[in-house]
$ cat model22.pdb   # PDB, C-alpha atoms
ATOM      1  CA  MET S   1       0.000   0.000   0.000  1.00  0.00           C
ATOM      2  CA  LYS S   2       1.457   3.363  -1.041  1.00  0.00           C
ATOM      3  CA  ASN S   3       1.178   6.325   1.310  1.00  0.00           C
ATOM      4  CA  GLN S   4       2.234   9.973   1.202  1.00  0.00           C
ATOM      5  CA  TRP S   5       5.715   9.142   2.505  1.00  0.00           C
ATOM      6  CA  ASP S   6       6.627   6.557  -0.174  1.00  0.00           C
ATOM      7  CA  GLY S   7       9.251   7.487  -2.733  1.00  0.00           C
ATOM      8  CA  SER S   8      11.224  10.678  -3.134  1.00  0.00           C
ATOM      9  CA  PRO S   9       9.545  13.868  -1.921  1.00  0.00           C
ATOM     10  CA  LYS S  10       8.609  16.779  -4.133  1.00  0.00           C
ATOM     11  CA  PRO S  11      10.704  19.910  -3.600  1.00  0.00           C
ATOM     12  CA  GLU S  12       7.713  21.707  -2.062  1.00  0.00           C
ATOM     13  CA  ALA S  13       7.402  18.991   0.584  1.00  0.00           C
ATOM     14  CA  LEU S  14      11.021  19.498   1.612  1.00  0.00           C
ATOM     15  CA  VAL S  15      10.596  23.251   1.917  1.00  0.00           C
ATOM     16  CA  GLU S  16       7.357  22.863   3.904  1.00  0.00           C
ATOM     17  CA  LEU S  17       8.796  20.272   6.288  1.00  0.00           C
ATOM     18  CA  ARG S  18      11.964  22.280   6.864  1.00  0.00           C
ATOM     19  CA  ALA S  19       9.994  25.484   7.474  1.00  0.00           C
ATOM     20  CA  ALA S  20       7.544  23.756   9.817  1.00  0.00           C
ATOM     21  CA  TYR S  21      10.424  22.657  12.041  1.00  0.00           C
ATOM     22  CA  GLY S  22      12.249  25.968  11.762  1.00  0.00           C
ATOM     23  CA  TYR S  23      15.391  24.458  10.250  1.00  0.00           C
ATOM     24  CA  THR S  24      17.762  26.312   7.997  1.00  0.00           C
ATOM     25  CA  GLN S  25      18.906  24.534   4.856  1.00  0.00           C
ATOM     26  CA  THR S  26      22.227  23.873   6.577  1.00  0.00           C
ATOM     27  CA  GLU S  27      20.544  22.289   9.604  1.00  0.00           C
ATOM     28  CA  ALA S  28      18.303  20.137   7.408  1.00  0.00           C
ATOM     29  CA  ALA S  29      21.311  18.998   5.388  1.00  0.00           C
ATOM     30  CA  GLU S  30      23.146  18.059   8.577  1.00  0.00           C
ATOM     31  CA  LEU S  31      20.162  16.008   9.768  1.00  0.00           C
ATOM     32  CA  CYS S  32      20.292  14.029   6.520  1.00  0.00           C
ATOM     33  CA  ARG S  33      24.096  13.852   6.583  1.00  0.00           C
ATOM     34  CA  VAL S  34      24.499  15.519   3.191  1.00  0.00           C
ATOM     35  CA  THR S  35      26.111  18.688   1.924  1.00  0.00           C
ATOM     36  CA  LEU S  36      24.287  21.984   1.895  1.00  0.00           C
ATOM     37  CA  ARG S  37      24.563  21.954  -1.910  1.00  0.00           C
ATOM     38  CA  ALA S  38      22.783  18.577  -2.114  1.00  0.00           C
ATOM     39  CA  TRP S  39      19.933  19.933   0.006  1.00  0.00           C
ATOM     40  CA  GLN S  40      19.712  23.021  -2.170  1.00  0.00           C
ATOM     41  CA  TRP S  41      19.523  20.863  -5.312  1.00  0.00           C
ATOM     42  CA  TRP S  42      16.675  18.857  -3.788  1.00  0.00           C
ATOM     43  CA  GLU S  43      14.702  21.933  -2.782  1.00  0.00           C
ATOM     44  CA  ALA S  44      15.240  23.498  -6.210  1.00  0.00           C
ATOM     45  CA  GLY S  45      14.081  20.334  -7.960  1.00  0.00           C
ATOM     46  CA  GLN S  46      17.435  19.942  -9.720  1.00  0.00           C
ATOM     47  CA  ARG S  47      17.975  16.493  -8.212  1.00  0.00           C
ATOM     48  CA  ARG S  48      15.681  13.962  -6.575  1.00  0.00           C
ATOM     49  CA  MET S  49      16.245  13.243  -2.930  1.00  0.00           C
ATOM     50  CA  PRO S  50      17.184   9.574  -2.416  1.00  0.00           C
ATOM     51  CA  VAL S  51      14.507   7.637  -0.568  1.00  0.00           C
ATOM     52  CA  ALA S  52      16.987   6.665   2.170  1.00  0.00           C
ATOM     53  CA  ASN S  53      17.674  10.336   2.975  1.00  0.00           C
ATOM     54  CA  TRP S  54      13.939  11.117   2.946  1.00  0.00           C
ATOM     55  CA  GLU S  55      13.249   8.265   5.356  1.00  0.00           C
ATOM     56  CA  LEU S  56      16.109   9.385   7.625  1.00  0.00           C
ATOM     57  CA  LEU S  57      14.655  12.896   7.745  1.00  0.00           C
ATOM     58  CA  LEU S  58      11.178  11.549   8.526  1.00  0.00           C
ATOM     59  CA  ILE S  59      12.540   9.325  11.296  1.00  0.00           C
ATOM     60  CA  LYS S  60      14.460  12.200  12.874  1.00  0.00           C
ATOM     61  CA  ALA S  61      11.396  14.466  12.605  1.00  0.00           C
ATOM     62  CA  GLY S  62       9.217  11.779  14.241  1.00  0.00           C
ATOM     63  CA  LEU S  63       7.007  11.499  11.144  1.00  0.00           C
ATOM     64  CA  HIS S  64       7.953   8.125   9.662  1.00  0.00           C
ATOM     65  CA  PRO S  65       4.936   5.812   9.953  1.00  0.00           C
ATOM     66  CA  SER S  66       7.075   2.832  10.998  1.00  0.00           C
ATOM     67  CA  TYR S  67       9.147   4.732  13.552  1.00  0.00           C
ATOM     68  CA  ALA S  68       6.850   7.436  14.868  1.00  0.00           C
ATOM     69  CA  PRO S  69       6.810   7.793  18.644  1.00  0.00           C
ATOM     70  CA  ARG S  70       4.101   5.674  20.196  1.00  0.00           C
ATOM     71  CA  GLN S  71       1.550   7.015  22.625  1.00  0.00           C
ATOM     72  CA  HIS S  72       1.338   5.073  25.857  1.00  0.00           C
ATOM     73  CA  GLY S  73      -1.907   5.081  27.612  1.00  0.00           C
TER
END

$ encode --input "model22.pdb" --output "structure tokens"
Amino acid sequence: MKNQWDGSPKPEALVELRAAYGYTQTEAAELCRVTLRAWQWWEAGQRRMPVANWELLLIKAGLHPSYAPRQHG
């Protein structure tokens, strides 16, 4: 079953996620362990973000459906 997090993100999704968390491009690049230039390419739509980097970002942001924090209650 495909969901909104499958595959590489669109550039707009990267910008929105980064802005929502208040990260600079440099901080977002560091979270994904890539260069600032790579992040800039992804946001500009000049390159596609690899799925592994997208998943890493989602995990670190607590948004990945398989790794999201669980509510205890």

$ resolve_selection --input "model22.pdb" --expression "the PyMOL selection byres ((chain S and resi 44) around 10)" --output "VMD selection string"
chain S and resid 10 to 12 14 to 15 38 to 43 45 to 48

$ atom_distance --input "model22.pdb" --atom1 "CA of Leu36 (chain S)" --atom2 "CA of Ile59 (chain S)"
19.7 Å

$ atom_distance --input "model22.pdb" --atom1 "CA of Val34 (chain S)" --atom2 "CA of Glu16 (chain S)"
18.7 Å

$ atom_distance --input "model22.pdb" --atom1 "CA of Glu55 (chain S)" --atom2 "CA of Arg33 (chain S)"
12.3 Å

$ residues_around --input "model22.pdb" --residues "Ala61 (chain S)" --least-positions-apart "5" --cutoff "12 Å" --atoms "only C-alpha atoms" --output "list in words"
Leu17, Arg18, Ala20, Tyr21, Gly22, Tyr23, Ala28, Leu31, Cys32, Trp54, Glu55, Leu56, Tyr67, Ala68 and Pro69 of chain S

$ axis_aligned_box --input "model22.pdb" --around "region 57-65 of chain S" --padding-each-side "3 Å" --output "lines of an AutoDock Vina configuration file"
center_x = 9.8
center_y = 10.1
center_z = 11.0
size_x = 15.7
size_y = 14.7
size_z = 12.5
